[in-house]
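For reference, work_22.pdb (PDB, N, CA and C atoms, pLDDT in the B column):
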MODEL        1
ATOM      1  N   MET A   1     -35.942 -50.490  96.823  1.00 52.00           N
ATOM      2  CA  MET A   1     -35.996 -51.930  96.709  1.00 52.00           C
ATOM      3  C   MET A   1     -34.604 -52.480  97.015  1.00 52.00           C
ATOM      4  N   ALA A   2     -34.557 -53.573  97.717  1.00 61.00           N
ATOM      5  CA  ALA A   2     -33.281 -54.178  98.093  1.00 61.00           C
ATOM      6  C   ALA A   2     -32.624 -54.836  96.886  1.00 61.00           C
ATOM      7  N   LYS A   3     -31.315 -54.694  96.817  1.00 66.00           N
ATOM      8  CA  LYS A   3     -30.571 -55.323  95.734  1.00 66.00           C
ATOM      9  C   LYS A   3     -30.423 -56.807  96.024  1.00 66.00           C
ATOM     10  N   SER A   4     -30.479 -57.599  94.966  1.00 79.00           N
ATOM     11  CA  SER A   4     -30.254 -59.030  95.142  1.00 79.00           C
ATOM     12  C   SER A   4     -28.855 -59.360  94.675  1.00 79.00           C
ATOM     13  N   GLY A   5     -28.360 -60.450  95.150  1.00 86.00           N
ATOM     14  CA  GLY A   5     -27.015 -60.868  94.784  1.00 86.00           C
ATOM     15  C   GLY A   5     -26.315 -61.450  95.996  1.00 86.00           C
ATOM     16  N   PRO A   6     -25.114 -61.902  95.774  1.00 92.00           N
ATOM     17  CA  PRO A   6     -24.387 -62.501  96.895  1.00 92.00           C
ATOM     18  C   PRO A   6     -23.973 -61.439  97.919  1.00 92.00           C
ATOM     19  N   ILE A   7     -23.827 -61.880  99.151  1.00 91.00           N
ATOM     20  CA  ILE A   7     -23.407 -60.982 100.224  1.00 91.00           C
ATOM     21  C   ILE A   7     -21.909 -60.734 100.097  1.00 91.00           C
ATOM     22  N   LYS A   8     -21.528 -59.472 100.159  1.00 93.00           N
ATOM     23  CA  LYS A   8     -20.114 -59.102 100.152  1.00 93.00           C
ATOM     24  C   LYS A   8     -19.649 -59.052 101.608  1.00 93.00           C
ATOM     25  N   PHE A   9     -19.009 -60.135 102.050  1.00 95.00           N
ATOM     26  CA  PHE A   9     -18.649 -60.250 103.455  1.00 95.00           C
ATOM     27  C   PHE A   9     -17.591 -59.228 103.876  1.00 95.00           C
ATOM     28  N   LYS A  10     -16.745 -58.810 102.948  1.00 95.00           N
ATOM     29  CA  LYS A  10     -15.751 -57.784 103.275  1.00 95.00           C
ATOM     30  C   LYS A  10     -16.446 -56.469 103.609  1.00 95.00           C
ATOM     31  N   ASN A  11     -17.438 -56.089 102.811  1.00 94.00           N
ATOM     32  CA  ASN A  11     -18.193 -54.865 103.080  1.00 94.00           C
ATOM     33  C   ASN A  11     -19.003 -54.980 104.366  1.00 94.00           C
ATOM     34  N   LEU A  12     -19.583 -56.156 104.594  1.00 95.00           N
ATOM     35  CA  LEU A  12     -20.364 -56.381 105.803  1.00 95.00           C
ATOM     36  C   LEU A  12     -19.485 -56.261 107.042  1.00 95.00           C
ATOM     37  N   LEU A  13     -18.311 -56.859 106.994  1.00 97.00           N
ATOM     38  CA  LEU A  13     -17.393 -56.780 108.125  1.00 97.00           C
ATOM     39  C   LEU A  13     -16.944 -55.341 108.372  1.00 97.00           C
ATOM     40  N   THR A  14     -16.708 -54.612 107.299  1.00 96.00           N
ATOM     41  CA  THR A  14     -16.326 -53.200 107.433  1.00 96.00           C
ATOM     42  C   THR A  14     -17.431 -52.394 108.097  1.00 96.00           C
ATOM     43  N   LEU A  15     -18.671 -52.600 107.672  1.00 96.00           N
ATOM     44  CA  LEU A  15     -19.791 -51.859 108.240  1.00 96.00           C
ATOM     45  C   LEU A  15     -20.019 -52.205 109.706  1.00 96.00           C
ATOM     46  N   VAL A  16     -19.917 -53.482 110.055  1.00 97.00           N
ATOM     47  CA  VAL A  16     -20.088 -53.881 111.451  1.00 97.00           C
ATOM     48  C   VAL A  16     -18.984 -53.271 112.308  1.00 97.00           C
ATOM     49  N   SER A  17     -17.760 -53.304 111.808  1.00 97.00           N
ATOM     50  CA  SER A  17     -16.630 -52.749 112.561  1.00 97.00           C
ATOM     51  C   SER A  17     -16.779 -51.245 112.755  1.00 97.00           C
ATOM     52  N   VAL A  18     -17.163 -50.543 111.699  1.00 96.00           N
ATOM     53  CA  VAL A  18     -17.355 -49.103 111.796  1.00 96.00           C
ATOM     54  C   VAL A  18     -18.497 -48.783 112.754  1.00 96.00           C
ATOM     55  N   GLY A  19     -19.565 -49.564 112.693  1.00 97.00           N
ATOM     56  CA  GLY A  19     -20.695 -49.342 113.593  1.00 97.00           C
ATOM     57  C   GLY A  19     -20.303 -49.501 115.052  1.00 97.00           C
ATOM     58  N   ILE A  20     -19.507 -50.511 115.351  1.00 98.00           N
ATOM     59  CA  ILE A  20     -19.061 -50.727 116.730  1.00 98.00           C
ATOM     60  C   ILE A  20     -18.146 -49.592 117.173  1.00 98.00           C
ATOM     61  N   LEU A  21     -17.191 -49.227 116.344  1.00 98.00           N
ATOM     62  CA  LEU A  21     -16.240 -48.174 116.699  1.00 98.00           C
ATOM     63  C   LEU A  21     -16.927 -46.824 116.881  1.00 98.00           C
ATOM     64  N   VAL A  22     -17.709 -46.423 115.896  1.00 97.00           N
ATOM     65  CA  VAL A  22     -18.357 -45.116 115.955  1.00 97.00           C
ATOM     66  C   VAL A  22     -19.433 -45.095 117.045  1.00 97.00           C
ATOM     67  N   GLY A  23     -20.159 -46.186 117.196  1.00 97.00           N
ATOM     68  CA  GLY A  23     -21.178 -46.253 118.240  1.00 97.00           C
ATOM     69  C   GLY A  23     -20.588 -46.125 119.628  1.00 97.00           C
ATOM     70  N   THR A  24     -19.465 -46.776 119.861  1.00 97.00           N
ATOM     71  CA  THR A  24     -18.794 -46.674 121.153  1.00 97.00           C
ATOM     72  C   THR A  24     -18.344 -45.239 121.409  1.00 97.00           C
ATOM     73  N   GLU A  25     -17.814 -44.599 120.387  1.00 97.00           N
ATOM     74  CA  GLU A  25     -17.369 -43.212 120.537  1.00 97.00           C
ATOM     75  C   GLU A  25     -18.563 -42.288 120.818  1.00 97.00           C
ATOM     76  N   PHE A  26     -19.633 -42.434 120.061  1.00 97.00           N
ATOM     77  CA  PHE A  26     -20.807 -41.583 120.259  1.00 97.00           C
ATOM     78  C   PHE A  26     -21.387 -41.749 121.663  1.00 97.00           C
ATOM     79  N   ILE A  27     -21.574 -42.988 122.088  1.00 97.00           N
ATOM     80  CA  ILE A  27     -22.151 -43.245 123.410  1.00 97.00           C
ATOM     81  C   ILE A  27     -21.220 -42.740 124.506  1.00 97.00           C
ATOM     82  N   GLY A  28     -19.929 -42.981 124.348  1.00 97.00           N
ATOM     83  CA  GLY A  28     -18.959 -42.519 125.352  1.00 97.00           C
ATOM     84  C   GLY A  28     -18.960 -41.017 125.496  1.00 97.00           C
ATOM     85  N   VAL A  29     -18.995 -40.313 124.380  1.00 97.00           N
ATOM     86  CA  VAL A  29     -19.019 -38.844 124.421  1.00 97.00           C
ATOM     87  C   VAL A  29     -20.328 -38.359 125.038  1.00 97.00           C
ATOM     88  N   ALA A  30     -21.431 -38.995 124.710  1.00 97.00           N
ATOM     89  CA  ALA A  30     -22.726 -38.570 125.238  1.00 97.00           C
ATOM     90  C   ALA A  30     -22.783 -38.733 126.750  1.00 97.00           C
ATOM     91  N   ILE A  31     -22.346 -39.872 127.248  1.00 97.00           N
ATOM     92  CA  ILE A  31     -22.380 -40.111 128.694  1.00 97.00           C
ATOM     93  C   ILE A  31     -21.408 -39.180 129.410  1.00 97.00           C
ATOM     94  N   ALA A  32     -20.223 -38.996 128.844  1.00 98.00           N
ATOM     95  CA  ALA A  32     -19.252 -38.092 129.461  1.00 98.00           C
ATOM     96  C   ALA A  32     -19.760 -36.654 129.473  1.00 98.00           C
ATOM     97  N   ALA A  33     -20.421 -36.238 128.409  1.00 97.00           N
ATOM     98  CA  ALA A  33     -20.942 -34.869 128.354  1.00 97.00           C
ATOM     99  C   ALA A  33     -22.030 -34.650 129.406  1.00 97.00           C
ATOM    100  N   GLY A  34     -22.932 -35.619 129.544  1.00 97.00           N
ATOM    101  CA  GLY A  34     -23.967 -35.501 130.570  1.00 97.00           C
ATOM    102  C   GLY A  34     -23.390 -35.439 131.964  1.00 97.00           C
ATOM    103  N   TRP A  35     -22.410 -36.278 132.224  1.00 97.00           N
ATOM    104  CA  TRP A  35     -21.758 -36.302 133.530  1.00 97.00           C
ATOM    105  C   TRP A  35     -21.008 -34.994 133.784  1.00 97.00           C
ATOM    106  N   ALA A  36     -20.287 -34.494 132.767  1.00 97.00           N
ATOM    107  CA  ALA A  36     -19.498 -33.280 132.931  1.00 97.00           C
ATOM    108  C   ALA A  36     -20.385 -32.050 133.133  1.00 97.00           C
ATOM    109  N   ILE A  37     -21.448 -31.938 132.366  1.00 97.00           N
ATOM    110  CA  ILE A  37     -22.337 -30.784 132.519  1.00 97.00           C
ATOM    111  C   ILE A  37     -22.997 -30.798 133.884  1.00 97.00           C
ATOM    112  N   SER A  38     -23.421 -31.972 134.313  1.00 97.00           N
ATOM    113  CA  SER A  38     -24.044 -32.084 135.632  1.00 97.00           C
ATOM    114  C   SER A  38     -23.058 -31.733 136.740  1.00 97.00           C
ATOM    115  N   GLY A  39     -21.840 -32.185 136.607  1.00 96.00           N
ATOM    116  CA  GLY A  39     -20.836 -31.867 137.623  1.00 96.00           C
ATOM    117  C   GLY A  39     -20.434 -30.407 137.603  1.00 96.00           C
ATOM    118  N   LEU A  40     -20.340 -29.823 136.413  1.00 97.00           N
ATOM    119  CA  LEU A  40     -19.938 -28.429 136.281  1.00 97.00           C
ATOM    120  C   LEU A  40     -20.933 -27.490 136.956  1.00 97.00           C
ATOM    121  N   PHE A  41     -22.221 -27.776 136.763  1.00 97.00           N
ATOM    122  CA  PHE A  41     -23.249 -26.920 137.338  1.00 97.00           C
ATOM    123  C   PHE A  41     -23.823 -27.476 138.639  1.00 97.00           C
ATOM    124  N   GLN A  42     -23.237 -28.538 139.176  1.00 96.00           N
ATOM    125  CA  GLN A  42     -23.654 -29.181 140.433  1.00 96.00           C
ATOM    126  C   GLN A  42     -25.159 -29.434 140.449  1.00 96.00           C
ATOM    127  N   LEU A  43     -25.611 -30.204 139.469  1.00 96.00           N
ATOM    128  CA  LEU A  43     -27.042 -30.449 139.295  1.00 96.00           C
ATOM    129  C   LEU A  43     -27.561 -31.668 140.056  1.00 96.00           C
ATOM    130  N   GLY A  44     -26.684 -32.514 140.533  1.00 95.00           N
ATOM    131  CA  GLY A  44     -27.117 -33.683 141.284  1.00 95.00           C
ATOM    132  C   GLY A  44     -27.158 -34.936 140.429  1.00 95.00           C
ATOM    133  N   ASN A  45     -27.306 -36.067 141.119  1.00 96.00           N
ATOM    134  CA  ASN A  45     -27.250 -37.371 140.444  1.00 96.00           C
ATOM    135  C   ASN A  45     -28.433 -37.621 139.520  1.00 96.00           C
ATOM    136  N   THR A  46     -29.617 -37.221 139.938  1.00 97.00           N
ATOM    137  CA  THR A  46     -30.804 -37.480 139.118  1.00 97.00           C
ATOM    138  C   THR A  46     -30.731 -36.734 137.795  1.00 97.00           C
ATOM    139  N   ILE A  47     -30.368 -35.477 137.848  1.00 96.00           N
ATOM    140  CA  ILE A  47     -30.250 -34.688 136.616  1.00 96.00           C
ATOM    141  C   ILE A  47     -29.115 -35.229 135.756  1.00 96.00           C
ATOM    142  N   ALA A  48     -28.045 -35.700 136.400  1.00 97.00           N
ATOM    143  CA  ALA A  48     -26.929 -36.281 135.638  1.00 97.00           C
ATOM    144  C   ALA A  48     -27.411 -37.487 134.846  1.00 97.00           C
ATOM    145  N   LEU A  49     -28.196 -38.335 135.462  1.00 97.00           N
ATOM    146  CA  LEU A  49     -28.722 -39.512 134.766  1.00 97.00           C
ATOM    147  C   LEU A  49     -29.666 -39.120 133.634  1.00 97.00           C
ATOM    148  N   VAL A  50     -30.473 -38.099 133.864  1.00 97.00           N
ATOM    149  CA  VAL A  50     -31.390 -37.627 132.823  1.00 97.00           C
ATOM    150  C   VAL A  50     -30.601 -37.067 131.635  1.00 97.00           C
ATOM    151  N   LEU A  51     -29.570 -36.263 131.933  1.00 97.00           N
ATOM    152  CA  LEU A  51     -28.741 -35.713 130.858  1.00 97.00           C
ATOM    153  C   LEU A  51     -28.020 -36.812 130.090  1.00 97.00           C
ATOM    154  N   MET A  52     -27.477 -37.788 130.812  1.00 97.00           N
ATOM    155  CA  MET A  52     -26.778 -38.884 130.143  1.00 97.00           C
ATOM    156  C   MET A  52     -27.734 -39.679 129.259  1.00 97.00           C
ATOM    157  N   ALA A  53     -28.956 -39.907 129.754  1.00 98.00           N
ATOM    158  CA  ALA A  53     -29.938 -40.644 128.946  1.00 98.00           C
ATOM    159  C   ALA A  53     -30.355 -39.834 127.717  1.00 98.00           C
ATOM    160  N   ALA A  54     -30.569 -38.536 127.888  1.00 98.00           N
ATOM    161  CA  ALA A  54     -30.977 -37.694 126.759  1.00 98.00           C
ATOM    162  C   ALA A  54     -29.869 -37.627 125.709  1.00 98.00           C
ATOM    163  N   PHE A  55     -28.642 -37.385 126.145  1.00 98.00           N
ATOM    164  CA  PHE A  55     -27.532 -37.337 125.198  1.00 98.00           C
ATOM    165  C   PHE A  55     -27.291 -38.711 124.573  1.00 98.00           C
ATOM    166  N   GLY A  56     -27.540 -39.772 125.340  1.00 97.00           N
ATOM    167  CA  GLY A  56     -27.399 -41.123 124.799  1.00 97.00           C
ATOM    168  C   GLY A  56     -28.383 -41.394 123.677  1.00 97.00           C
ATOM    169  N   LEU A  57     -29.615 -40.937 123.850  1.00 98.00           N
ATOM    170  CA  LEU A  57     -30.615 -41.104 122.790  1.00 98.00           C
ATOM    171  C   LEU A  57     -30.242 -40.318 121.539  1.00 98.00           C
ATOM    172  N   VAL A  58     -29.723 -39.117 121.734  1.00 98.00           N
ATOM    173  CA  VAL A  58     -29.277 -38.315 120.586  1.00 98.00           C
ATOM    174  C   VAL A  58     -28.127 -39.027 119.873  1.00 98.00           C
ATOM    175  N   SER A  59     -27.226 -39.623 120.648  1.00 98.00           N
ATOM    176  CA  SER A  59     -26.092 -40.318 120.029  1.00 98.00           C
ATOM    177  C   SER A  59     -26.549 -41.576 119.288  1.00 98.00           C
ATOM    178  N   LEU A  60     -27.559 -42.268 119.787  1.00 98.00           N
ATOM    179  CA  LEU A  60     -28.088 -43.427 119.071  1.00 98.00           C
ATOM    180  C   LEU A  60     -28.736 -43.014 117.752  1.00 98.00           C
ATOM    181  N   TYR A  61     -29.420 -41.877 117.762  1.00 98.00           N
ATOM    182  CA  TYR A  61     -29.991 -41.369 116.516  1.00 98.00           C
ATOM    183  C   TYR A  61     -28.883 -40.995 115.528  1.00 98.00           C
ATOM    184  N   ALA A  62     -27.831 -40.355 116.036  1.00 98.00           N
ATOM    185  CA  ALA A  62     -26.705 -39.986 115.173  1.00 98.00           C
ATOM    186  C   ALA A  62     -26.045 -41.240 114.599  1.00 98.00           C
ATOM    187  N   LEU A  63     -25.920 -42.284 115.403  1.00 97.00           N
ATOM    188  CA  LEU A  63     -25.350 -43.538 114.917  1.00 97.00           C
ATOM    189  C   LEU A  63     -26.243 -44.157 113.850  1.00 97.00           C
ATOM    190  N   PHE A  64     -27.541 -44.111 114.051  1.00 98.00           N
ATOM    191  CA  PHE A  64     -28.484 -44.641 113.065  1.00 98.00           C
ATOM    192  C   PHE A  64     -28.326 -43.925 111.724  1.00 98.00           C
ATOM    193  N   GLU A  65     -28.277 -42.592 111.756  1.00 98.00           N
ATOM    194  CA  GLU A  65     -28.111 -41.820 110.523  1.00 98.00           C
ATOM    195  C   GLU A  65     -26.751 -42.091 109.884  1.00 98.00           C
ATOM    196  N   PHE A  66     -25.713 -42.202 110.690  1.00 97.00           N
ATOM    197  CA  PHE A  66     -24.380 -42.492 110.175  1.00 97.00           C
ATOM    198  C   PHE A  66     -24.358 -43.843 109.463  1.00 97.00           C
ATOM    199  N   MET A  67     -24.977 -44.847 110.081  1.00 96.00           N
ATOM    200  CA  MET A  67     -24.968 -46.179 109.484  1.00 96.00           C
ATOM    201  C   MET A  67     -25.808 -46.229 108.209  1.00 96.00           C
ATOM    202  N   LYS A  68     -26.911 -45.478 108.157  1.00 96.00           N
ATOM    203  CA  LYS A  68     -27.689 -45.415 106.916  1.00 96.00           C
ATOM    204  C   LYS A  68     -26.834 -44.893 105.777  1.00 96.00           C
ATOM    205  N   ARG A  69     -26.072 -43.854 106.043  1.00 97.00           N
ATOM    206  CA  ARG A  69     -25.213 -43.281 105.001  1.00 97.00           C
ATOM    207  C   ARG A  69     -24.063 -44.204 104.654  1.00 97.00           C
ATOM    208  N   ALA A  70     -23.510 -44.866 105.667  1.00 96.00           N
ATOM    209  CA  ALA A  70     -22.399 -45.796 105.399  1.00 96.00           C
ATOM    210  C   ALA A  70     -22.859 -46.962 104.555  1.00 96.00           C
ATOM    211  N   ILE A  71     -24.052 -47.473 104.814  1.00 93.00           N
ATOM    212  CA  ILE A  71     -24.577 -48.606 104.041  1.00 93.00           C
ATOM    213  C   ILE A  71     -24.867 -48.169 102.600  1.00 93.00           C
ATOM    214  N   SER A  72     -25.297 -46.931 102.420  1.00 93.00           N
ATOM    215  CA  SER A  72     -25.559 -46.475 101.048  1.00 93.00           C
ATOM    216  C   SER A  72     -24.250 -46.348 100.247  1.00 93.00           C
ATOM    217  N   LEU A  73     -23.141 -46.080 100.916  1.00 94.00           N
ATOM    218  CA  LEU A  73     -21.860 -45.956 100.228  1.00 94.00           C
ATOM    219  C   LEU A  73     -21.130 -47.285 100.086  1.00 94.00           C
ATOM    220  N   GLU A  74     -21.413 -48.223 100.993  1.00 92.00           N
ATOM    221  CA  GLU A  74     -20.716 -49.511 101.016  1.00 92.00           C
ATOM    222  C   GLU A  74     -21.778 -50.618 100.990  1.00 92.00           C
ATOM    223  N   PRO A  75     -22.336 -50.920  99.830  1.00 89.00           N
ATOM    224  CA  PRO A  75     -23.451 -51.867  99.784  1.00 89.00           C
ATOM    225  C   PRO A  75     -23.023 -53.286 100.185  1.00 89.00           C
ATOM    226  N   VAL A  76     -23.922 -53.953 100.884  1.00 91.00           N
ATOM    227  CA  VAL A  76     -23.642 -55.307 101.360  1.00 91.00           C
ATOM    228  C   VAL A  76     -23.971 -56.340 100.274  1.00 91.00           C
ATOM    229  N   ARG A  77     -24.948 -56.049  99.474  1.00 88.00           N
ATOM    230  CA  ARG A  77     -25.334 -56.970  98.392  1.00 88.00           C
ATOM    231  C   ARG A  77     -25.126 -56.307  97.050  1.00 88.00           C
ATOM    232  N   GLY A  78     -24.886 -57.143  96.059  1.00 76.00           N
ATOM    233  CA  GLY A  78     -24.832 -56.618  94.715  1.00 76.00           C
ATOM    234  C   GLY A  78     -23.526 -56.813  94.009  1.00 76.00           C
TER     235      GLY A  78
ENDMDL
END

Is it possible to express this structure as structure tokens?
Amino acid sequence: MAKSGPIKFKNLLTLVSVGILVGTEFIGVAIAAGWAISGLFQLGNTIALVLMAAFGLVSLYALFEFMKRAISLEPVRG
């Protein structure tokens, strides 16, 4: 059940900032890894795009799980 109470804007700003920073890092690493693996094994452009998309989806899931845990430690309300 969601907690009621005033919004803690300091906590909200911290969570948004962390989400942007960590999300950018996760996505950047995922795209770079797909590009690097494709180039290393000379797999071609299509496979490179598939790898980047697959790693990107994994990184979005990792960001989702990270933010769930961050919100549980840094509550926005209460």

Any chance you could work out the residue set of the PyMOL selection byres ((chain A and resi 56-71) around 6.5) here, as an MDAnalysis selection string? chainID A and resid 22:23 26:27 30:31 51:55 72:76

Here is a test: counting only C-alpha atoms, which residue of A:Leu21, A:Val16, A:Ile7, A:Val50 is nearest to Trp35 (chain A)?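 Counting only C-alpha atoms, the residue closest to Trp35 (chain A) is A:Val50.
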
Alpha helix (DSSP H) call set, DSSP backbone run, chain A, as a PyMOL selection string: chain A and resi 9-40+45-73

Using only the atoms of region 57-64 of chain A listed in the file, plus 8 Å on each side, state the axis-aligned box centre and edge lengths in Å rounded to one decimal, as JSON.
{"center_x": -28.0, "center_y": -41.5, "center_z": 117.8, "size_x": 21.3, "size_y": 22.3, "size_z": 28.1}

Between CA of Leu13 (chain A) and atom N of Gly78 (chain A), what is the distance, to one decimal in Å? 14.2 Å

One-decimal distance in Å that lies between atom N of Leu49 (chain A) and CA of Gly19 (chain A):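 Computed distance, CA of Gly19 (chain A) to atom N of Leu49 (chain A), equals 25.6 Å.
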
Between atom C of Leu12 (chain A) and atom N of Val29 (chain A) - distance in Å to one decimal: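 For atom N of Val29 (chain A) relative to atom C of Leu12 (chain A), the distance reads 23.6 Å.
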
Excluding Ala48 (chain A) and any residue of its chain fewer than 6 positions from it, enumerate the residues within 7 Å of it, using all atoms listed in the file, and give them as a VMD selection string. chain A and resid 34 to 35 37 to 39
